[in-house]
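Engineer: Structure file data.csv (CSV, C-alpha atoms) is given on the next line.
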```
chain,number,residue,atom,x,y,z
A,1,MET,CA,0.0,0.0,0.0
A,2,ALA,CA,1.6,3.2,-1.2
A,3,VAL,CA,1.8,6.3,1.0
A,4,ASP,CA,-0.2,9.0,-0.9
A,5,THR,CA,1.2,12.2,0.8
A,6,VAL,CA,4.3,12.8,2.8
A,7,ILE,CA,4.6,15.7,5.2
A,8,GLU,CA,7.3,18.3,5.9
A,9,LEU,CA,9.1,18.0,9.1
A,10,CYS,CA,10.9,21.3,9.9
A,11,ASP,CA,11.9,22.2,13.4
A,12,GLY,CA,9.6,19.5,14.8
A,13,THR,CA,6.4,20.4,13.0
A,14,LEU,CA,4.4,18.6,10.4
A,15,ASN,CA,3.0,20.6,7.5
A,16,PRO,CA,0.3,18.7,5.5
A,17,ASP,CA,0.6,21.1,2.5
A,18,ARG,CA,4.2,20.1,1.6
A,19,LYS,CA,5.0,17.1,-0.5
A,20,HIS,CA,8.2,15.7,1.0
A,21,PRO,CA,9.6,15.5,4.5
A,22,VAL,CA,12.4,17.9,5.4
A,23,LEU,CA,14.6,16.7,8.2
A,24,ASN,CA,17.0,19.2,9.7
A,25,GLY,CA,17.0,21.1,6.4
A,26,HIS,CA,17.5,18.1,4.2
A,27,SER,CA,14.7,16.9,1.8
A,28,VAL,CA,13.8,13.2,2.0
A,29,THR,CA,12.2,11.9,-1.1
A,30,PRO,CA,10.0,8.8,-0.5
A,31,ASP,CA,10.3,5.8,-2.9
A,32,TYR,CA,7.1,5.5,-4.9
A,33,ARG,CA,8.2,2.6,-7.1
A,34,LYS,CA,5.5,0.0,-7.5
A,35,ASP,CA,7.9,-2.9,-7.1
A,36,VAL,CA,8.9,-1.7,-3.6
A,37,LEU,CA,7.0,-3.6,-0.9
A,38,LEU,CA,6.1,-1.3,1.9
A,39,PRO,CA,5.7,-2.5,5.5
A,40,THR,CA,2.4,-3.0,7.2
A,41,VAL,CA,3.4,-1.1,10.4
A,42,SER,CA,6.1,1.4,11.2
A,43,VAL,CA,7.1,1.3,14.9
A,44,ILE,CA,8.4,4.5,16.3
A,45,ILE,CA,10.6,4.3,19.4
A,46,PRO,CA,12.0,7.6,20.8
A,47,VAL,CA,14.8,7.2,23.3
A,48,ARG,CA,17.0,9.4,25.4
A,49,ASP,CA,19.5,7.8,27.9
A,50,GLY,CA,17.5,4.6,27.9
A,51,ALA,CA,20.5,2.1,27.8
A,52,PRO,CA,19.2,-0.1,30.6
A,53,TYR,CA,16.0,-0.9,28.8
A,54,ILE,CA,16.2,-0.1,25.1
A,55,GLY,CA,17.6,-3.5,24.2
A,56,GLU,CA,14.7,-5.4,25.7
A,57,ALA,CA,12.2,-3.0,24.3
A,58,LEU,CA,13.5,-3.2,20.8
A,59,GLN,CA,13.8,-7.0,20.9
A,60,SER,CA,10.2,-7.3,21.9
A,61,ILE,CA,9.3,-5.5,18.6
A,62,LEU,CA,11.7,-7.6,16.5
A,63,ASP,CA,10.1,-10.7,18.0
A,64,GLN,CA,6.6,-9.8,17.0
A,65,ASP,CA,4.6,-12.4,15.1
A,66,LEU,CA,3.8,-9.8,12.5
A,67,ALA,CA,7.2,-9.6,10.7
A,68,ASP,CA,6.2,-7.2,8.0
A,69,ILE,CA,7.3,-4.1,9.9
A,70,GLU,CA,9.9,-1.3,10.0
A,71,VAL,CA,11.3,0.0,13.3
A,72,ILE,CA,12.4,3.7,13.5
A,73,VAL,CA,14.5,4.3,16.7
A,74,VAL,CA,14.9,8.1,17.2
A,75,ASP,CA,17.8,8.8,19.5
A,76,ASP,CA,17.0,12.2,21.2
A,77,GLY,CA,20.5,13.2,22.2
A,78,SER,CA,21.4,10.4,24.4
A,79,SER,CA,24.6,10.7,26.4
A,80,ASP,CA,24.7,6.9,27.1
A,81,ASP,CA,24.9,3.9,24.8
A,82,SER,CA,21.2,3.9,23.7
A,83,ALA,CA,21.9,4.5,20.0
A,84,ALA,CA,24.8,2.0,20.0
A,85,ILE,CA,22.6,-0.7,21.6
A,86,ALA,CA,19.8,-0.2,19.1
A,87,THR,CA,22.2,-0.2,16.2
A,88,SER,CA,23.9,-3.4,17.3
A,89,LEU,CA,20.5,-5.1,17.7
A,90,GLY,CA,19.5,-3.9,14.2
A,91,GLU,CA,22.7,-5.2,12.5
A,92,GLY,CA,21.7,-7.9,10.0
A,93,ASP,CA,18.0,-6.9,10.3
A,94,GLY,CA,17.0,-4.5,7.6
A,95,ARG,CA,13.8,-3.5,9.4
A,96,VAL,CA,15.6,-1.3,11.9
A,97,LYS,CA,16.6,2.3,11.3
A,98,VAL,CA,18.3,4.4,13.9
A,99,VAL,CA,18.2,8.2,13.4
A,100,THR,CA,19.4,11.1,15.5
A,101,ASN,CA,17.2,14.0,16.8
A,102,ARG,CA,20.1,15.7,18.7
A,103,GLY,CA,18.2,16.3,21.9
A,104,LYS,CA,15.4,18.5,20.4
A,105,GLY,CA,12.7,16.9,22.6
A,106,ILE,CA,10.0,14.2,22.5
A,107,VAL,CA,7.7,16.1,20.1
A,108,ASP,CA,10.4,16.6,17.5
A,109,ALA,CA,11.5,13.0,17.9
A,110,LEU,CA,8.0,11.7,17.3
A,111,ASN,CA,7.3,14.0,14.4
A,112,MET,CA,10.6,12.9,12.8
A,113,GLY,CA,9.5,9.2,13.1
A,114,ILE,CA,6.1,10.0,11.6
A,115,ALA,CA,7.8,11.9,8.7
A,116,LEU,CA,10.0,8.9,8.0
A,117,ALA,CA,7.3,6.2,8.4
A,118,ARG,CA,6.6,4.3,5.1
A,119,ALA,CA,3.7,2.1,6.4
A,120,PRO,CA,0.0,3.1,6.5
A,121,LEU,CA,0.0,2.3,10.2
A,122,VAL,CA,2.3,3.7,12.9
A,123,ALA,CA,2.7,2.0,16.3
A,124,ARG,CA,4.1,3.8,19.3
A,125,MET,CA,6.5,2.2,21.7
A,126,ASP,CA,8.6,3.6,24.5
A,127,GLY,CA,12.3,2.6,25.0
A,128,ASP,CA,11.6,1.2,28.4
A,129,ASP,CA,8.5,-0.9,27.8
A,130,ILE,CA,7.8,-4.4,26.4
A,131,SER,CA,5.3,-5.3,23.7
A,132,LEU,CA,3.8,-8.8,23.8
A,133,PRO,CA,4.5,-10.9,20.7
A,134,ASP,CA,1.0,-10.6,19.2
A,135,ARG,CA,0.5,-6.9,19.8
A,136,LEU,CA,1.1,-5.5,16.3
A,137,ARG,CA,-0.8,-8.3,14.6
A,138,LEU,CA,-3.9,-7.9,16.7
A,139,GLN,CA,-4.0,-4.1,16.4
A,140,ALA,CA,-3.4,-4.2,12.6
A,141,ALA,CA,-6.3,-6.6,12.3
A,142,ARG,CA,-8.6,-4.2,14.0
A,143,PHE,CA,-7.7,-1.5,11.4
A,144,ASP,CA,-8.3,-3.9,8.6
A,145,ALA,CA,-11.7,-4.7,10.0
A,146,ASP,CA,-12.8,-1.0,10.5
A,147,ALA,CA,-12.0,1.6,7.8
A,148,ASP,CA,-13.3,4.4,10.1
A,149,LEU,CA,-10.9,3.6,12.9
A,150,GLN,CA,-8.1,6.3,13.3
A,151,LEU,CA,-6.5,5.5,16.6
A,152,LEU,CA,-6.3,2.3,18.7
A,153,GLY,CA,-4.9,1.7,22.1
A,154,THR,CA,-4.8,-1.2,24.5
A,155,ALA,CA,-4.8,-2.0,28.2
A,156,GLY,CA,-1.5,-2.6,29.8
A,157,LEU,CA,0.4,-4.3,32.7
A,158,ARG,CA,2.5,-2.1,35.0
A,159,ILE,CA,5.9,-3.6,35.8
A,160,ASP,CA,8.7,-2.4,38.0
A,161,ARG,CA,12.2,-1.5,36.9
A,162,ASP,CA,13.3,-5.2,37.0
A,163,GLY,CA,10.3,-6.3,34.9
A,164,LYS,CA,8.2,-7.8,37.8
A,165,PRO,CA,4.4,-7.4,37.4
A,166,LEU,CA,2.9,-4.7,39.6
A,167,ARG,CA,-0.7,-4.2,38.6
A,168,PRO,CA,-3.0,-4.3,35.5
A,169,ILE,CA,-3.9,-1.0,33.8
A,170,GLU,CA,-7.5,-0.8,32.6
A,171,VAL,CA,-8.7,1.6,29.9
A,172,PRO,CA,-12.2,2.7,28.7
A,173,ILE,CA,-13.6,0.4,26.0
A,174,GLY,CA,-16.0,1.4,23.3
A,175,ASN,CA,-16.3,4.6,21.3
A,176,GLU,CA,-18.8,6.5,23.6
A,177,PRO,CA,-17.2,5.7,26.9
A,178,LEU,CA,-13.8,6.6,25.4
A,179,ARG,CA,-15.0,9.9,24.1
A,180,SER,CA,-16.7,10.7,27.4
A,181,ALA,CA,-13.4,10.0,29.3
A,182,LEU,CA,-11.4,12.0,26.7
A,183,ALA,CA,-13.2,15.2,27.7
A,184,GLY,CA,-11.8,14.9,31.2
A,185,TYR,CA,-8.5,13.1,31.0
A,186,ASN,CA,-6.2,11.1,28.8
A,187,PRO,CA,-7.8,7.6,28.6
A,188,MET,CA,-5.2,6.1,26.2
A,189,LEU,CA,-1.8,4.6,27.1
A,190,HIS,CA,0.6,6.4,24.7
A,191,PRO,CA,3.1,3.5,24.3
A,192,THR,CA,0.3,1.1,23.3
A,193,VAL,CA,-1.3,3.1,20.5
A,194,MET,CA,-1.4,2.5,16.8
A,195,PHE,CA,-2.8,5.0,14.4
A,196,ARG,CA,-3.3,5.6,10.7
A,197,THR,CA,-0.2,7.5,9.4
A,198,GLU,CA,-2.1,9.8,7.1
A,199,ALA,CA,-4.7,10.7,9.7
A,200,VAL,CA,-2.0,12.0,12.1
A,201,ARG,CA,-0.2,13.8,9.2
A,202,ARG,CA,-3.5,15.5,8.2
A,203,VAL,CA,-4.0,17.0,11.7
A,204,GLY,CA,-0.4,18.2,11.9
A,205,GLY,CA,1.2,15.6,14.2
A,206,TYR,CA,2.3,16.3,17.7
A,207,ARG,CA,2.6,19.9,18.8
A,208,ARG,CA,5.3,21.5,21.0
A,209,ALA,CA,3.0,23.7,23.1
A,210,PHE,CA,1.6,20.6,24.7
A,211,THR,CA,4.9,18.9,25.6
A,212,TYR,CA,4.4,16.3,28.4
A,213,ALA,CA,0.7,15.9,27.2
A,214,GLU,CA,1.5,16.0,23.5
A,215,ASP,CA,-0.3,12.6,23.1
A,216,TYR,CA,-3.5,13.9,24.8
A,217,ASP,CA,-3.6,16.9,22.5
A,218,LEU,CA,-3.2,14.7,19.4
A,219,TRP,CA,-6.0,12.3,20.6
A,220,LEU,CA,-8.4,15.2,21.0
A,221,ARG,CA,-7.7,16.4,17.5
A,222,LEU,CA,-8.0,12.9,16.0
A,223,SER,CA,-11.3,12.5,17.9
A,224,GLU,CA,-12.7,15.4,15.9
A,225,ALA,CA,-11.9,13.7,12.6
A,226,GLY,CA,-12.6,10.0,13.2
A,227,LYS,CA,-13.1,7.0,15.4
A,228,LEU,CA,-11.0,6.0,18.4
A,229,ALA,CA,-11.0,2.8,20.3
A,230,ASN,CA,-9.2,0.8,23.1
A,231,MET,CA,-8.7,-2.9,23.3
A,232,ASP,CA,-9.2,-4.6,26.7
A,233,ALA,CA,-6.2,-7.0,26.0
A,234,ARG,CA,-3.1,-6.1,27.9
A,235,LEU,CA,-0.6,-6.1,25.0
A,236,VAL,CA,2.2,-3.9,26.5
A,237,LYS,CA,4.1,-4.0,29.7
A,238,LEU,CA,4.7,-0.5,30.9
A,239,ARG,CA,7.7,0.0,33.1
A,240,SER,CA,7.6,2.2,36.2
A,241,HIS,CA,10.9,3.7,37.4
A,242,PRO,CA,12.0,7.0,39.0
A,243,GLY,CA,13.2,8.7,35.8
A,244,GLN,CA,9.9,8.7,34.0
A,245,VAL,CA,8.4,12.0,32.7
A,246,SER,CA,5.1,11.3,34.5
A,247,ARG,CA,7.0,11.4,37.8
A,248,VAL,CA,9.6,14.2,37.4
A,249,LYS,CA,7.4,16.6,35.3
A,250,GLU,CA,4.0,16.0,36.9
A,251,ASP,CA,3.0,19.7,37.3
A,252,GLN,CA,4.0,20.5,33.7
A,253,GLN,CA,2.1,17.4,32.5
A,254,LYS,CA,-1.1,18.5,34.3
A,255,ALA,CA,-0.8,22.0,32.9
A,256,ALA,CA,-0.3,20.8,29.4
A,257,ALA,CA,-3.3,18.5,29.6
A,258,ALA,CA,-5.4,21.4,30.9
A,259,LEU,CA,-4.3,23.5,27.9
A,260,ALA,CA,-5.2,20.6,25.6
A,261,ARG,CA,-8.7,20.4,27.0
A,262,GLN,CA,-9.2,24.2,26.7
A,263,SER,CA,-7.9,24.2,23.2
A,264,ALA,CA,-10.4,21.5,22.2
A,265,LEU,CA,-13.2,23.6,23.5
A,266,LEU,CA,-11.8,26.7,21.7
A,267,ARG,CA,-11.6,24.9,18.3
A,268,ARG,CA,-15.4,24.6,18.3
A,269,SER,CA,-15.9,28.3,18.1
A,270,ARG,CA,-12.6,30.1,17.2
A,271,ALA,CA,-8.9,29.6,16.6
A,272,GLU,CA,-6.4,28.9,19.4
A,273,PRO,CA,-5.0,32.2,20.7
A,274,PHE,CA,-1.4,31.0,21.0
A,275,ASP,CA,1.3,29.4,19.0
A,276,ALA,CA,0.7,25.7,19.1
A,277,ASN,CA,4.2,24.9,18.0
A,278,GLY,CA,5.8,27.4,20.4
A,279,GLN,CA,7.1,26.8,23.9
A,280,PRO,CA,4.7,25.4,26.5
A,281,THR,CA,5.1,28.1,29.1
A,282,GLU,CA,4.6,30.8,26.4
A,283,ALA,CA,1.5,29.1,25.1
A,284,ILE,CA,0.0,28.8,28.6
A,285,GLY,CA,0.8,32.5,29.4
A,286,THR,CA,-0.7,33.7,26.1
A,287,PHE,CA,-3.8,31.6,26.7
A,288,LEU,CA,-4.3,32.9,30.2
A,289,ALA,CA,-3.8,36.5,29.2
A,290,TRP,CA,-6.4,36.1,26.5
A,291,ARG,CA,-8.8,34.4,28.8
A,292,ALA,CA,-8.5,37.1,31.4
A,293,ALA,CA,-9.0,39.8,28.8
A,294,THR,CA,-12.4,38.3,27.7
A,295,GLY,CA,-13.9,39.4,31.0
A,296,ALA,CA,-16.4,36.5,30.9
A,297,GLY,CA,-16.9,34.4,34.0
A,298,ILE,CA,-15.2,31.1,34.2
A,299,SER,CA,-17.5,28.1,33.9
A,300,SER,CA,-17.4,25.0,36.0
A,301,LEU,CA,-15.9,23.2,33.1
A,302,GLU,CA,-13.0,25.6,32.9
A,303,ARG,CA,-12.4,26.1,36.6
A,304,ARG,CA,-10.2,23.0,37.2
A,305,ASP,CA,-8.1,23.7,34.1
A,306,ILE,CA,-7.6,27.4,35.0
A,307,GLU,CA,-6.4,26.4,38.4
A,308,LEU,CA,-3.9,24.0,37.0
A,309,LEU,CA,-2.7,26.5,34.4
A,310,LEU,CA,-2.2,29.2,37.0
A,311,ARG,CA,0.4,27.1,38.7
A,312,THR,CA,2.7,27.6,35.7
A,313,ALA,CA,5.8,29.7,36.6
A,314,ASP,CA,6.0,33.4,35.7
A,315,ILE,CA,2.3,34.0,35.0
A,316,PRO,CA,1.9,37.8,35.8
A,317,PHE,CA,0.3,38.4,39.1
A,318,ALA,CA,-2.3,40.8,37.5
A,319,THR,CA,-3.4,38.0,35.2
A,320,SER,CA,-3.7,35.6,38.1
A,321,CYS,CA,-5.8,38.0,40.1
A,322,LYS,CA,-8.1,38.7,37.1
A,323,LEU,CA,-8.7,35.0,36.5
A,324,LEU,CA,-9.3,34.3,40.2
A,325,LEU,CA,-11.8,37.0,40.2
A,326,LEU,CA,-13.6,35.7,37.2
A,327,ALA,CA,-13.5,32.2,38.7
A,328,ALA,CA,-15.1,33.5,41.9
A,329,VAL,CA,-18.2,34.6,40.0
A,330,GLY,CA,-21.1,32.4,40.9
A,331,ALA,CA,-20.4,29.4,43.2
A,332,PRO,CA,-16.6,29.0,43.4
A,333,SER,CA,-15.1,25.8,44.5
A,334,PHE,CA,-13.0,25.7,47.7
A,335,ARG,CA,-9.9,25.0,45.6
A,336,THR,CA,-10.5,28.3,43.7
A,337,LEU,CA,-10.9,30.3,46.9
A,338,ALA,CA,-7.7,28.7,48.4
A,339,LEU,CA,-5.6,29.1,45.2
A,340,GLY,CA,-5.3,32.9,45.6
A,341,PRO,CA,-3.4,32.9,48.9
A,342,ARG,CA,-1.3,29.9,47.8
A,343,LEU,CA,-0.2,31.7,44.6
A,344,ALA,CA,0.5,34.9,46.5
A,345,TRP,CA,2.6,33.0,49.0
A,346,ARG,CA,4.6,31.3,46.3
A,347,ARG,CA,5.4,34.6,44.7
A,348,MET,CA,6.4,36.2,48.1
A,349,ILE,CA,8.8,33.4,49.1
A,350,ARG,CA,10.5,33.1,45.7
A,351,PRO,CA,13.7,35.2,45.5
A,352,ALA,CA,13.5,37.7,42.6
A,353,ASN,CA,16.6,36.2,40.9
A,354,MET,CA,15.5,32.6,41.3
A,355,ARG,CA,13.7,31.1,38.4
A,356,PRO,CA,11.8,27.8,38.6
A,357,ASN,CA,13.1,24.6,37.0
```
Output the structure of this file as structure tokens.
Structural biologist:
Amino acid sequence: MAVDTVIELCDGTLNPDRKHPVLNGHSVTPDYRKDVLLPTVSVIIPVRDGAPYIGEALQSILDQDLADIEVIVVDDGSSDDSAAIATSLGEGDGRVKVVTNRGKGIVDALNMGIALARAPLVARMDGDDISLPDRLRLQAARFDADADLQLLGTAGLRIDRDGKPLRPIEVPIGNEPLRSALAGYNPMLHPTVMFRTEAVRRVGGYRRAFTYAEDYDLWLRLSEAGKLANMDARLVKLRSHPGQVSRVKEDQQKAAAALARQSALLRRSRAEPFDANGQPTEAIGTFLAWRAATGAGISSLERRDIELLLRTADIPFATSCKLLLLAAVGAPSFRTLALGPRLAWRRMIRPANMRPN
């Protein structure tokens, strides 16, 4: 199955109006020859300093019972042997390609993988997780059976740093339960998903402004264009260890998810008032300033997200006060009432020359 359109990748963004991918300023021309057999699934594995686990993760993909695949390992500026380990495992196996992202971040790494993907389906995989041998085959079969399906995740099994089982991870099953959950939180496990390559290219890929919740933002946009689903089968073992983004960047992740929800609401009535491919803190600051300037009271649907966004560093105090006032209109929650003193205290105790991490 030939790929009909290929997207530009320039500085980590995908542009659906361009014909060929551009990687770090170099044009990449896809091979359209009819005698070239394209893979069924392209597996994208971004990795940064994942030497302890990347070998087992990559081997679990090479051992899949669906052999008609390509594997794109994107090394995002590792300072350890991650790239060397992946390259060594791929020697003699033409399905593996290791490329370098030079530490530009997860969003750029993922978009690079999508731009290089030759298959009609892309599967995500993290460099510290393990896919069960039938994962790709079972997910690809679901896409074959449902032409409207755009995105498919699975349940998972949480394991510790040594690979020992901890607990199962359940996910909402069915289109309506999944869409209902999507409005409030991310109900899909990013390392388990498979999606149609062209569907993601059409909506512009992952976006930098939502870093740490870039997957949630993408799912929300895909949900506006097609069908999403989860499988109840636990097809991926997800490793839990101290260095995970969900642990060390929890506050940023919550703020990015809040921005993603508010952006989804905005898209129904107007354009997003910030640069979706800019820096996360700048996007959040611009959104909050815009929201404060509207003068409209904050609804119950917005209140939780506004509270999370206001915790972002360097939001002007005047903007915070304006938004807290707007949130207090009507019947404010206790959290809203308590947030004002907490924010004021944080600003008082922070030295003027001290910037947050």
Engineer: Name the residues in contact with segment 140-156 of chain A at a cut-off of 9 Å, using all atoms listed in the file, excluding same-chain residues fewer than 5 positions from it; report them as an mmCIF file with C-alpha atoms, in the frame of the given file.
Structural biologist:
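Generated output (result-v7.cif):
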```
data_model
loop_
_atom_site.group_PDB
_atom_site.id
_atom_site.type_symbol
_atom_site.label_atom_id
_atom_site.label_comp_id
_atom_site.auth_asym_id
_atom_site.auth_seq_id
_atom_site.Cartn_x
_atom_site.Cartn_y
_atom_site.Cartn_z
ATOM 1 C CA THR A 40 2.400 -3.000 7.200
ATOM 2 C CA VAL A 41 3.400 -1.100 10.400
ATOM 3 C CA LEU A 121 0.000 2.300 10.200
ATOM 4 C CA ARG A 135 0.500 -6.900 19.800
ATOM 5 C CA ARG A 167 -0.700 -4.200 38.600
ATOM 6 C CA PRO A 168 -3.000 -4.300 35.500
ATOM 7 C CA ILE A 169 -3.900 -1.000 33.800
ATOM 8 C CA GLU A 170 -7.500 -0.800 32.600
ATOM 9 C CA VAL A 171 -8.700 1.600 29.900
ATOM 10 C CA PRO A 172 -12.200 2.700 28.700
ATOM 11 C CA MET A 188 -5.200 6.100 26.200
ATOM 12 C CA LEU A 189 -1.800 4.600 27.100
ATOM 13 C CA HIS A 190 0.600 6.400 24.700
ATOM 14 C CA PRO A 191 3.100 3.500 24.300
ATOM 15 C CA THR A 192 0.300 1.100 23.300
ATOM 16 C CA VAL A 193 -1.300 3.100 20.500
ATOM 17 C CA MET A 194 -1.400 2.500 16.800
ATOM 18 C CA PHE A 195 -2.800 5.000 14.400
ATOM 19 C CA ARG A 196 -3.300 5.600 10.700
ATOM 20 C CA THR A 197 -0.200 7.500 9.400
ATOM 21 C CA ALA A 199 -4.700 10.700 9.700
ATOM 22 C CA VAL A 200 -2.000 12.000 12.100
ATOM 23 C CA TRP A 219 -6.000 12.300 20.600
ATOM 24 C CA LEU A 222 -8.000 12.900 16.000
ATOM 25 C CA SER A 223 -11.300 12.500 17.900
ATOM 26 C CA ALA A 225 -11.900 13.700 12.600
ATOM 27 C CA GLY A 226 -12.600 10.000 13.200
ATOM 28 C CA LYS A 227 -13.100 7.000 15.400
ATOM 29 C CA LEU A 228 -11.000 6.000 18.400
ATOM 30 C CA ALA A 229 -11.000 2.800 20.300
ATOM 31 C CA ASN A 230 -9.200 0.800 23.100
ATOM 32 C CA MET A 231 -8.700 -2.900 23.300
ATOM 33 C CA ASP A 232 -9.200 -4.600 26.700
ATOM 34 C CA ALA A 233 -6.200 -7.000 26.000
ATOM 35 C CA ARG A 234 -3.100 -6.100 27.900
ATOM 36 C CA LEU A 235 -0.600 -6.100 25.000
ATOM 37 C CA VAL A 236 2.200 -3.900 26.500
ATOM 38 C CA LYS A 237 4.100 -4.000 29.700
ATOM 39 C CA LEU A 238 4.700 -0.500 30.900
#
```
Engineer: With distances taken over only C-alpha atoms, which residue among A:Leu14, A:Leu309, A:Ala257, A:Leu66 lies nearest Pro39 of chain A?
Structural biologist: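 Looking only at the distances to Pro39 of chain A, the closest residue turns out to be A:Leu66.
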Engineer: When you count only C-alpha atoms, which of these residues is closest to Lys164 of chain A: A:Ser88, A:Ser240, A:Ser263, A:Ser300?
Structural biologist: A:Ser240
Engineer: Which residues, protein or nucleic acid, reach to within 7 Å of (0.8, -14.4, 18.5) in the file's coordinates when using only C-alpha atoms, and can you give that as a PDB file with C-alpha atoms, keeping the file's coordinate frame?
Structural biologist:
```pdb
ATOM      1  CA  ASP A  65       4.600 -12.400  15.100  1.00  0.00           C
ATOM      2  CA  PRO A 133       4.500 -10.900  20.700  1.00  0.00           C
ATOM      3  CA  ASP A 134       1.000 -10.600  19.200  1.00  0.00           C
TER       4      ASP A 134
END
```
Engineer: So how many Å separate atom CA of Asp305 of chain A and atom CA of Gly278 of chain A, to one decimal?
Structural biologist: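 Atom-to-atom, atom CA of Asp305 of chain A and atom CA of Gly278 of chain A are spaced 19.9 Å apart.
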Engineer: Just give me the gap between atom CA of Thr294 of chain A and atom CA of Arg270 of chain A in Å, one decimal is fine.
Structural biologist: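 Value for the atom CA of Thr294 of chain A-atom CA of Arg270 of chain A distance: 13.3 Å.
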Engineer: Show which residues sit within 10 Å of Gln279 of chain A, as a PyMOL selection string. Count all atoms listed in the file, and ignore same-chain residues fewer than 4 positions away.
Structural biologist: chain A and resi 207-211+274-275+283-284
Engineer: For the selection you just gave me, I'd like the residues written to a file as a PDB file, in the frame of the given file, keeping C-alpha atoms.
Structural biologist:
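Dumped to part_24.pdb:
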```pdb
ATOM      1  CA  ARG A 207       2.600  19.900  18.800  1.00  0.00           C
ATOM      2  CA  ARG A 208       5.300  21.500  21.000  1.00  0.00           C
ATOM      3  CA  ALA A 209       3.000  23.700  23.100  1.00  0.00           C
ATOM      4  CA  PHE A 210       1.600  20.600  24.700  1.00  0.00           C
ATOM      5  CA  THR A 211       4.900  18.900  25.600  1.00  0.00           C
ATOM      6  CA  PHE A 274      -1.400  31.000  21.000  1.00  0.00           C
ATOM      7  CA  ASP A 275       1.300  29.400  19.000  1.00  0.00           C
ATOM      8  CA  ALA A 283       1.500  29.100  25.100  1.00  0.00           C
ATOM      9  CA  ILE A 284       0.000  28.800  28.600  1.00  0.00           C
TER      10      ILE A 284
END
```
Engineer: Would you pick out the contacts of Gly205 of chain A at 8 Å or less, using all atoms listed in the file, so that residues sharing its chain but fewer than 6 positions from it are not included, and give the list as a list in words?
Structural biologist: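 Answer for this query is Thr13, Leu14, Asn111, Ile114 and Leu218 of chain A.
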Engineer: So which one's closest to Arg268 of chain A, A:Ala117, A:Gln252, A:Glu224, A:Val122? Using all atoms listed in the file, please.
Structural biologist: A:Glu224
Engineer: Need the shell around segment 258-260 of chain A: protein/DNA/RNA residues with any atom at most 10 Å away, counting all atoms listed in the file. Skip same-chain ones fewer than 4 positions apart. Format as number ranges by chain?
Structural biologist: A: 183-185, 209-210, 213-221, 252-254, 264-266, 280, 283-284, 287-288, 302, 304-309
Engineer: For Arg48 of chain A, work out the shell of residues within 8 Å, counting only C-alpha atoms and skipping chain neighbours fewer than 4 positions away, then give it as a PyMOL selection string.
Structural biologist: chain A and resi 75-79+82+103
Engineer: Could you write those residues out with C-alpha atoms, as an mmCIF file, keeping the file's coordinate frame?
Structural biologist:
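So the final result, stored in selection_9.cif, reads:
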```cif
data_model
loop_
_atom_site.group_PDB
_atom_site.id
_atom_site.type_symbol
_atom_site.label_atom_id
_atom_site.label_comp_id
_atom_site.auth_asym_id
_atom_site.auth_seq_id
_atom_site.Cartn_x
_atom_site.Cartn_y
_atom_site.Cartn_z
ATOM 1 C CA ASP A 75 17.800 8.800 19.500
ATOM 2 C CA ASP A 76 17.000 12.200 21.200
ATOM 3 C CA GLY A 77 20.500 13.200 22.200
ATOM 4 C CA SER A 78 21.400 10.400 24.400
ATOM 5 C CA SER A 79 24.600 10.700 26.400
ATOM 6 C CA SER A 82 21.200 3.900 23.700
ATOM 7 C CA GLY A 103 18.200 16.300 21.900
#
```
Engineer: Measure the distance from atom CA of Asp129 of chain A to atom CA of Ile54 of chain A in Å and round it to one decimal.
Structural biologist: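 Distance between the two atoms: 8.2 Å.
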Engineer: Could you tell me which of A:Val43, A:Leu178, A:Val74, A:Met125 comes closest to Arg95 of chain A if we count all atoms listed in the file?
Structural biologist: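 The shortest atom-to-atom distance to Arg95 of chain A comes from A:Val43.
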